[in-house]
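Participant: Input my_file_25.tsv, format and content: TSV, C-alpha atoms.
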```tsv
chain	number	residue	atom	x	y	z
J	20	MET	CA	-166.94	190.01	142.50
J	21	ARG	CA	-164.16	191.39	144.68
J	22	SER	CA	-163.01	189.33	147.63
J	23	GLU	CA	-163.71	190.38	151.20
J	24	GLU	CA	-160.04	191.28	151.58
J	25	GLU	CA	-160.11	193.52	148.50
J	26	MET	CA	-163.25	195.30	149.71
J	27	MET	CA	-161.85	195.89	153.18
J	28	GLU	CA	-158.52	197.06	151.77
J	29	GLY	CA	-160.28	199.69	149.67
J	30	ILE	CA	-162.47	200.85	152.56
J	31	LEU	CA	-159.58	201.11	155.02
J	32	GLY	CA	-157.36	202.76	152.42
J	33	PHE	CA	-159.91	205.51	151.83
J	34	ALA	CA	-160.57	206.03	155.55
J	35	ALA	CA	-156.86	206.25	156.35
J	36	ALA	CA	-156.17	208.73	153.56
J	37	ASP	CA	-159.12	211.08	154.03
J	38	PRO	CA	-158.38	213.70	156.69
J	39	HIS	CA	-162.06	214.14	157.60
J	40	VAL	CA	-162.56	210.48	158.56
J	41	ARG	CA	-161.41	210.09	162.17
J	42	VAL	CA	-163.00	206.77	163.12
J	43	ALA	CA	-164.10	203.86	160.91
J	44	THR	CA	-166.07	200.80	161.97
J	45	LEU	CA	-167.54	197.61	160.55
J	46	GLU	CA	-171.02	196.59	161.72
J	47	GLY	CA	-173.68	193.96	161.25
J	48	SER	CA	-173.46	190.32	160.24
J	49	ARG	CA	-169.79	190.47	159.21
J	50	THR	CA	-168.86	191.11	162.84
J	51	ASN	CA	-171.04	188.28	164.14
J	52	PRO	CA	-169.25	184.90	164.25
J	53	SER	CA	-172.56	183.06	164.62
J	54	ILE	CA	-173.66	184.16	161.14
J	55	PRO	CA	-172.28	182.06	158.25
J	56	LYS	CA	-170.44	184.15	155.68
J	57	ASP	CA	-171.68	184.36	152.11
J	58	ASP	CA	-171.47	186.64	149.06
J	59	PHE	CA	-174.73	188.42	149.91
J	60	GLN	CA	-173.56	189.97	153.17
J	61	ASP	CA	-173.38	193.75	153.03
J	62	PHE	CA	-170.31	195.65	154.12
J	63	ASP	CA	-171.91	197.80	156.81
J	64	ILE	CA	-169.46	200.65	157.37
J	65	THR	CA	-169.63	203.79	159.49
J	66	PHE	CA	-167.28	206.75	159.20
J	67	LEU	CA	-167.29	209.27	162.03
J	68	VAL	CA	-166.19	212.51	160.43
J	69	ASP	CA	-165.34	216.05	161.46
J	70	ASP	CA	-167.19	217.65	158.54
J	71	LEU	CA	-170.26	216.03	156.92
J	72	SER	CA	-170.51	218.69	154.23
J	73	ALA	CA	-167.13	217.64	152.84
J	74	PHE	CA	-168.86	214.46	151.64
J	75	THR	CA	-172.51	215.37	151.04
J	76	ALA	CA	-171.86	218.18	148.58
J	77	ASP	CA	-170.83	215.75	145.81
J	78	ASP	CA	-171.14	211.97	145.40
J	79	GLY	CA	-168.08	211.63	143.18
J	80	TRP	CA	-165.93	210.33	146.05
J	81	LEU	CA	-168.00	207.12	146.22
J	82	ALA	CA	-166.18	205.91	143.09
J	83	ALA	CA	-163.17	205.25	145.33
J	84	PHE	CA	-164.95	202.09	146.50
J	85	GLY	CA	-165.88	200.82	143.04
J	86	THR	CA	-168.27	201.57	140.20
J	87	PRO	CA	-171.76	202.15	141.67
J	88	LEU	CA	-174.53	200.28	139.89
J	89	MET	CA	-177.17	201.97	142.02
J	90	VAL	CA	-177.09	204.29	145.02
J	91	GLN	CA	-179.81	205.10	147.51
J	92	LYS	CA	-179.49	208.04	149.90
J	93	PRO	CA	-182.29	207.93	152.51
J	94	GLU	CA	-181.49	211.43	153.77
J	95	ASP	CA	-182.07	212.75	150.26
J	96	MET	CA	-185.44	211.02	149.76
J	97	GLU	CA	-188.96	212.30	150.40
J	98	LEU	CA	-191.03	209.14	150.06
J	99	PHE	CA	-188.75	207.02	152.26
J	100	PRO	CA	-187.33	209.30	154.97
J	101	PRO	CA	-184.32	208.16	157.02
J	102	GLU	CA	-184.69	206.28	160.29
J	103	MET	CA	-181.29	207.12	161.75
J	104	PRO	CA	-179.23	210.32	162.21
J	105	GLY	CA	-176.28	211.13	160.00
J	106	TYR	CA	-176.06	210.60	156.24
J	107	SER	CA	-176.04	207.22	154.56
J	108	TYR	CA	-175.34	205.65	151.19
J	109	LEU	CA	-176.70	202.24	150.21
J	110	ILE	CA	-174.51	201.20	147.30
J	111	LEU	CA	-174.72	198.23	144.93
J	112	PHE	CA	-171.54	198.06	142.90
J	113	ALA	CA	-171.08	196.86	139.33
J	114	ASP	CA	-169.40	193.66	140.60
J	115	TYR	CA	-172.52	193.07	142.78
J	116	ARG	CA	-170.84	193.74	146.09
J	117	LYS	CA	-172.98	195.91	148.37
J	118	MET	CA	-171.93	198.45	150.96
J	119	ASP	CA	-174.09	200.41	153.38
J	120	LEU	CA	-171.98	203.41	154.35
J	121	THR	CA	-173.09	205.77	157.10
J	122	LEU	CA	-171.49	209.11	157.93
J	123	LEU	CA	-171.90	210.38	161.47
J	124	PRO	CA	-170.57	213.59	163.02
J	125	LEU	CA	-167.63	212.93	165.32
J	126	THR	CA	-169.60	214.48	168.19
J	127	MET	CA	-171.86	211.39	168.15
J	128	LEU	CA	-169.03	208.94	168.85
J	129	GLU	CA	-170.00	207.96	172.41
J	130	GLU	CA	-173.70	207.73	171.55
J	131	TYR	CA	-172.84	205.55	168.58
J	132	LEU	CA	-170.59	203.22	170.59
J	133	ASP	CA	-173.29	202.79	173.23
J	134	GLY	CA	-175.84	201.75	170.61
J	135	ASP	CA	-175.68	198.65	168.43
J	136	GLY	CA	-173.40	196.01	169.94
J	137	LEU	CA	-172.28	194.57	166.60
J	138	ILE	CA	-169.41	197.01	166.08
J	139	GLN	CA	-165.80	196.31	165.19
J	140	VAL	CA	-163.42	199.28	165.23
J	141	LEU	CA	-161.32	199.40	162.07
J	142	LEU	CA	-159.60	202.73	162.54
J	143	ASP	CA	-159.28	205.23	165.38
J	144	LYS	CA	-156.86	207.91	164.21
J	145	ASP	CA	-156.91	209.99	167.36
J	146	GLY	CA	-157.26	207.30	170.02
J	147	ARG	CA	-160.69	208.63	170.98
J	148	ILE	CA	-162.05	205.19	171.89
J	149	GLY	CA	-160.57	204.52	175.29
J	150	ARG	CA	-162.01	201.04	175.76
J	151	ASP	CA	-162.18	197.66	174.09
J	152	ILE	CA	-165.12	197.24	171.75
J	153	VAL	CA	-166.08	193.57	171.43
J	154	PRO	CA	-168.88	192.81	168.93
J	155	THR	CA	-171.90	191.14	170.49
J	156	ASP	CA	-175.36	190.27	169.19
J	157	ALA	CA	-176.89	190.51	172.68
J	158	ALA	CA	-179.27	193.27	171.58
J	159	TYR	CA	-180.72	190.98	168.90
J	160	ARG	CA	-181.21	187.86	171.01
J	161	LEU	CA	-184.62	186.52	171.93
J	162	LYS	CA	-186.13	188.27	174.90
J	163	LYS	CA	-188.34	186.48	177.38
J	164	PRO	CA	-191.81	188.07	177.29
J	165	THR	CA	-193.53	189.42	180.35
J	166	PRO	CA	-197.08	188.15	181.07
J	167	ARG	CA	-198.41	191.42	179.66
J	168	MET	CA	-196.37	191.08	176.46
J	169	TYR	CA	-197.63	187.53	176.02
J	170	ASP	CA	-201.25	188.63	176.45
J	171	ASP	CA	-200.75	191.59	174.10
J	172	CYS	CA	-199.45	189.28	171.38
J	173	CYS	CA	-202.48	187.01	171.74
J	174	ASN	CA	-204.84	189.98	171.75
J	175	GLU	CA	-203.30	191.48	168.62
J	176	PHE	CA	-203.28	188.18	166.73
J	177	TRP	CA	-206.93	187.37	167.33
J	178	PHE	CA	-208.11	190.93	166.74
J	179	LEU	CA	-206.27	191.04	163.41
J	180	ALA	CA	-207.93	187.75	162.45
J	181	THR	CA	-211.30	189.55	162.37
J	182	TYR	CA	-209.95	192.05	159.83
J	183	VAL	CA	-208.69	189.26	157.59
J	184	ALA	CA	-212.12	187.61	157.74
J	185	LYS	CA	-213.84	190.91	157.01
J	186	GLY	CA	-211.69	191.51	153.95
J	187	LEU	CA	-212.39	188.03	152.66
J	188	CYS	CA	-216.13	188.37	153.19
J	189	ARG	CA	-216.08	191.61	151.23
J	190	LYS	CA	-213.87	189.99	148.56
J	191	GLU	CA	-211.26	192.66	149.23
J	192	LEU	CA	-208.35	190.33	148.72
J	193	LEU	CA	-205.50	192.85	149.04
J	194	TYR	CA	-206.98	194.17	152.31
J	195	ALA	CA	-207.23	190.63	153.66
J	196	ILE	CA	-203.70	189.70	152.56
J	197	ASP	CA	-202.25	192.84	154.12
J	198	HIS	CA	-203.85	192.10	157.48
J	199	LEU	CA	-202.84	188.45	157.24
J	200	HIS	CA	-199.25	189.64	156.92
J	201	LEU	CA	-199.62	191.66	160.13
J	202	LEU	CA	-201.25	188.71	161.86
J	203	ARG	CA	-198.44	186.41	160.75
J	204	GLN	CA	-195.91	188.71	162.42
J	205	GLU	CA	-197.57	187.92	165.75
J	206	LEU	CA	-197.47	184.22	164.91
J	207	LEU	CA	-193.74	184.49	164.20
J	208	ARG	CA	-193.28	186.37	167.47
J	209	MET	CA	-195.09	183.65	169.42
J	210	LEU	CA	-193.15	180.88	167.69
J	211	SER	CA	-189.89	182.65	168.55
J	212	TRP	CA	-190.97	182.86	172.21
J	213	GLN	CA	-191.79	179.17	172.14
J	214	VAL	CA	-188.30	178.44	170.81
J	215	GLY	CA	-186.86	180.65	173.54
J	216	THR	CA	-188.68	178.78	176.31
J	217	GLU	CA	-187.40	175.48	174.89
J	218	ARG	CA	-183.80	176.42	174.11
J	219	GLY	CA	-183.11	179.46	176.26
J	220	PHE	CA	-183.25	183.15	175.40
J	221	THR	CA	-179.56	183.23	174.51
J	222	PHE	CA	-179.50	183.55	170.73
J	223	SER	CA	-181.04	185.40	167.79
J	224	VAL	CA	-183.46	184.08	165.19
J	225	GLY	CA	-182.21	186.72	162.76
J	226	LYS	CA	-183.68	189.71	161.00
J	227	ASN	CA	-187.25	189.09	159.83
J	228	TYR	CA	-187.15	185.76	161.74
J	229	LYS	CA	-185.07	184.31	158.91
J	230	PHE	CA	-183.43	181.63	161.09
J	231	LEU	CA	-186.61	180.65	162.94
J	232	PRO	CA	-187.40	177.56	160.80
J	233	ARG	CA	-184.08	176.04	161.89
J	234	PHE	CA	-185.36	175.81	165.45
J	235	LEU	CA	-188.84	174.49	164.67
J	236	PRO	CA	-189.91	170.90	164.07
J	237	GLU	CA	-189.85	170.20	160.33
J	238	GLU	CA	-193.61	169.67	160.23
J	239	THR	CA	-194.25	173.01	161.94
J	240	ALA	CA	-191.86	174.81	159.60
J	241	GLN	CA	-193.61	173.35	156.56
J	242	ARG	CA	-197.05	174.36	157.86
J	243	LEU	CA	-195.75	177.87	158.47
J	244	LEU	CA	-194.53	178.14	154.88
J	245	ARG	CA	-197.93	177.04	153.60
J	246	THR	CA	-199.49	180.14	155.19
J	247	TYR	CA	-197.76	182.18	152.47
J	248	ARG	CA	-199.96	180.73	149.72
J	249	MET	CA	-202.35	183.62	149.11
J	250	ASP	CA	-203.26	183.84	145.43
J	251	SER	CA	-207.03	183.45	145.86
J	252	GLY	CA	-209.79	184.00	148.39
J	253	GLY	CA	-209.91	180.29	149.19
J	254	ALA	CA	-206.15	180.17	149.68
J	255	VAL	CA	-206.25	183.12	152.09
J	256	TRP	CA	-209.08	181.50	154.08
J	257	ASP	CA	-206.95	178.36	154.34
J	258	ALA	CA	-203.86	180.39	155.29
J	259	LEU	CA	-205.84	182.16	158.00
J	260	SER	CA	-207.09	178.86	159.42
J	261	LEU	CA	-203.58	177.44	159.41
J	262	CYS	CA	-202.17	180.55	161.11
J	263	CYS	CA	-204.83	180.24	163.79
J	264	ALA	CA	-204.03	176.57	164.39
J	265	LEU	CA	-200.29	177.24	164.58
J	266	PHE	CA	-200.75	180.20	166.87
J	267	ARG	CA	-203.03	178.24	169.18
J	268	GLU	CA	-200.57	175.36	169.48
J	269	SER	CA	-197.58	177.64	170.05
J	270	ALA	CA	-199.35	179.99	172.44
J	271	VAL	CA	-200.60	177.14	174.62
J	272	ARG	CA	-197.12	175.60	174.83
J	273	THR	CA	-195.53	178.98	175.52
J	274	ALA	CA	-198.08	179.82	178.21
J	275	LYS	CA	-197.34	176.55	179.99
J	276	ALA	CA	-193.58	177.21	179.88
J	277	LEU	CA	-194.03	180.78	181.15
J	278	GLY	CA	-196.50	179.83	183.85
J	279	ALA	CA	-199.08	182.07	182.16
J	280	SER	CA	-202.70	181.49	181.16
J	281	TYR	CA	-203.84	181.23	177.56
J	282	PRO	CA	-206.35	184.11	177.26
J	283	PRO	CA	-209.96	183.64	176.06
J	284	TYR	CA	-209.65	185.55	172.75
J	285	ASP	CA	-209.30	182.35	170.70
J	286	GLY	CA	-212.51	180.85	172.07
J	287	ARG	CA	-214.43	184.00	171.18
J	288	ILE	CA	-212.99	184.76	167.75
J	289	THR	CA	-212.62	181.29	166.23
J	290	PRO	CA	-216.42	180.71	166.13
J	291	TYR	CA	-216.83	184.18	164.58
J	292	ILE	CA	-214.33	183.40	161.80
J	293	ARG	CA	-215.91	180.00	161.14
J	294	ALA	CA	-219.39	181.52	160.98
J	295	MET	CA	-218.28	184.33	158.63
J	296	ARG	CA	-216.59	181.88	156.28
J	297	GLU	CA	-219.60	179.57	156.16
J	298	GLU	CA	-222.11	182.38	155.70
J	299	TYR	CA	-220.28	184.28	153.00
J	300	GLN	CA	-219.15	181.21	151.11
J	301	GLU	CA	-222.80	180.12	151.05
J	302	LYS	CA	-223.85	183.53	149.74
J	303	SER	CA	-221.15	183.37	147.09
J	304	GLN	CA	-222.37	179.95	145.96
J	305	GLU	CA	-225.96	181.24	145.78
J	306	LYS	CA	-224.89	184.15	143.59
J	307	SER	CA	-222.94	181.80	141.32
J	308	GLN	CA	-226.00	179.57	140.96
J	309	GLU	CA	-228.21	182.59	140.13
J	310	LYS	CA	-225.82	183.70	137.42
J	311	SER	CA	-225.67	180.22	135.95
J	312	ARG	CA	-229.51	180.19	135.68
J	313	GLU	CA	-229.63	183.56	133.88
```
Could you take the file, read its structure, and then write that structure out as structure tokens?

Facilitator:
Amino acid sequence: MRSEEEMMEGILGFAAADPHVRVATLEGSRTNPSIPKDDFQDFDITFLVDDLSAFTADDGWLAAFGTPLMVQKPEDMELFPPEMPGYSYLILFADYRKMDLTLLPLTMLEEYLDGDGLIQVLLDKDGRIGRDIVPTDAAYRLKKPTPRMYDDCCNEFWFLATYVAKGLCRKELLYAIDHLHLLRQELLRMLSWQVGTERGFTFSVGKNYKFLPRFLPEETAQRLLRTYRMDSGGAVWDALSLCCALFRESAVRTAKALGASYPPYDGRITPYIRAMREEYQEKSQEKSQEKSRE
């Protein structure tokens, strides 16, 4: 695996030599001092160019950065269309380094600079950037919810709980698991708000809440991980119950810190879930007994 210095040397060397590349930047976690460095960090690079077609006509130029093991081009895919403008290459190299390279037309420079705050300028051939660009993760930090946002999270969580229960009652396990995943996203959101009210909304819990367990009590973090055990109907019922208990605890604490009121959805839906589980587990047992007698 090439070192960080070797990777950056190759990237900067290409950008400096190619006449179509006018600005080059580094983005993402490698510009964020609060993120520990490791071998799995991508090299998130953007080239602002004066002619996109000079690059998109042929992929041979990518070999300048190393031997590609696999390349994904979102703008050239039908099933997974791109989310951002420009043209991008997600490249895993033979030495297992990974680079996400985005090409943007030079006309988008100001729009680009006003977007994501985690940008470090590597090269500005024409002096087009007339200001200091200091990387900041401010856009990714926890944001204090409004009373409406807090209520919406509670509403979504408890409404999704009914879909999980329905899927389990029907023995549609994949349907139930899929909705439990959506429900858990609201639990993670609420837990992150709880952390924010306790520690201040001045930091990020990372993409996909990956750093959230660091800020939770160990017992809470372990209970959260147990909600991912979903290999049977009984396990999903238990995961749903645990999600509900965690959400209730977190939402009540968060409401108190925000000066909000915990809405009544829990009191209405929890009895419904309990009743559905009892009724359909009883029916399942009756069917099992009938089969055993046959």

Participant: Calculate how many Å separate atom CA of J:Ala157 from atom CA of J:Phe222, rounding to one decimal.

Facilitator: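 Spanning atom CA of J:Ala157 to atom CA of J:Phe222 is a straight-line distance of 7.7 Å.
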
Participant: State, in Å with one decimal place, the distance from atom CA of J:Phe178 to atom CA of J:Pro282.

Facilitator: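 Here the two named atoms are 12.7 Å from each other.
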
Participant: Taking into account only C-alpha atoms, which residue in the set J:Ala158, J:Ile110, J:Leu141, J:Leu206 is nearest to J:Met27?

Facilitator: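 For J:Met27, the nearest of the given residues is J:Leu141.
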
Participant: Ranking J:Glu298, J:Glu130, J:Asp285, J:Asp119 by minimum distance to J:Ala180 and counting all atoms listed in the file, which one comes first?

Facilitator: J:Asp285

Participant: So how far away is atom CA of J:Met209 from atom CA of J:Ser269, in Å?

Facilitator: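 Computing it gives 6.5 Å between the two atoms.
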
Participant: Can you pull out every residue within 9 Å of J:Arg267, counting only C-alpha atoms, but drop anything in the same chain fewer than 5 positions away, and send it as a VMD selection string?

Facilitator: chain J and resid 262 272 281 285

Participant: Pick from J:Leu201, J:Ala36, J:Ile288, J:Leu81: nearest to J:Leu120, with only C-alpha atoms counted?

Facilitator: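 Smallest separation from J:Leu120 among the options: J:Leu81.
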
Participant: Can I get stretch 200-213 of chain J with N, CA, C and O atoms filled in, as a CSV table (one decimal), in the coordinates of the input?

Facilitator:
```csv
chain,number,residue,atom,x,y,z
J,200,HIS,N,-200.7,189.4,156.7
J,200,HIS,CA,-199.2,189.6,156.9
J,200,HIS,C,-199.0,190.2,158.3
J,200,HIS,O,-198.1,189.7,159.0
J,201,LEU,N,-199.8,191.1,158.8
J,201,LEU,CA,-199.6,191.7,160.1
J,201,LEU,C,-199.9,190.6,161.2
J,201,LEU,O,-199.2,190.5,162.2
J,202,LEU,N,-200.9,189.8,160.9
J,202,LEU,CA,-201.2,188.7,161.9
J,202,LEU,C,-200.1,187.7,161.9
J,202,LEU,O,-199.8,187.2,163.0
J,203,ARG,N,-199.5,187.4,160.8
J,203,ARG,CA,-198.4,186.4,160.8
J,203,ARG,C,-197.2,186.9,161.5
J,203,ARG,O,-196.5,186.1,162.1
J,204,GLN,N,-197.0,188.2,161.6
J,204,GLN,CA,-195.9,188.7,162.4
J,204,GLN,C,-196.1,188.3,163.9
J,204,GLN,O,-195.1,188.0,164.6
J,205,GLU,N,-197.3,188.3,164.4
J,205,GLU,CA,-197.6,187.9,165.8
J,205,GLU,C,-197.4,186.4,165.9
J,205,GLU,O,-196.9,185.9,167.0
J,206,LEU,N,-197.7,185.6,164.9
J,206,LEU,CA,-197.5,184.2,164.9
J,206,LEU,C,-196.0,184.0,165.0
J,206,LEU,O,-195.5,183.1,165.8
J,207,LEU,N,-195.2,184.7,164.2
J,207,LEU,CA,-193.7,184.5,164.2
J,207,LEU,C,-193.2,184.9,165.6
J,207,LEU,O,-192.3,184.2,166.1
J,208,ARG,N,-193.7,185.9,166.1
J,208,ARG,CA,-193.3,186.4,167.5
J,208,ARG,C,-193.5,185.3,168.5
J,208,ARG,O,-192.7,184.9,169.3
J,209,MET,N,-194.7,184.7,168.5
J,209,MET,CA,-195.1,183.6,169.4
J,209,MET,C,-194.2,182.4,169.2
J,209,MET,O,-193.8,181.8,170.2
J,210,LEU,N,-194.0,182.0,168.0
J,210,LEU,CA,-193.2,180.9,167.7
J,210,LEU,C,-191.7,181.1,168.2
J,210,LEU,O,-191.1,180.2,168.7
J,211,SER,N,-191.2,182.3,168.1
J,211,SER,CA,-189.9,182.6,168.6
J,211,SER,C,-189.8,182.6,170.1
J,211,SER,O,-188.9,182.1,170.6
J,212,TRP,N,-190.9,183.0,170.7
J,212,TRP,CA,-191.0,182.9,172.2
J,212,TRP,C,-191.0,181.4,172.6
J,212,TRP,O,-190.4,181.0,173.6
J,213,GLN,N,-191.7,180.6,171.9
J,213,GLN,CA,-191.8,179.2,172.1
J,213,GLN,C,-190.4,178.6,172.0
J,213,GLN,O,-190.0,177.8,172.9
```
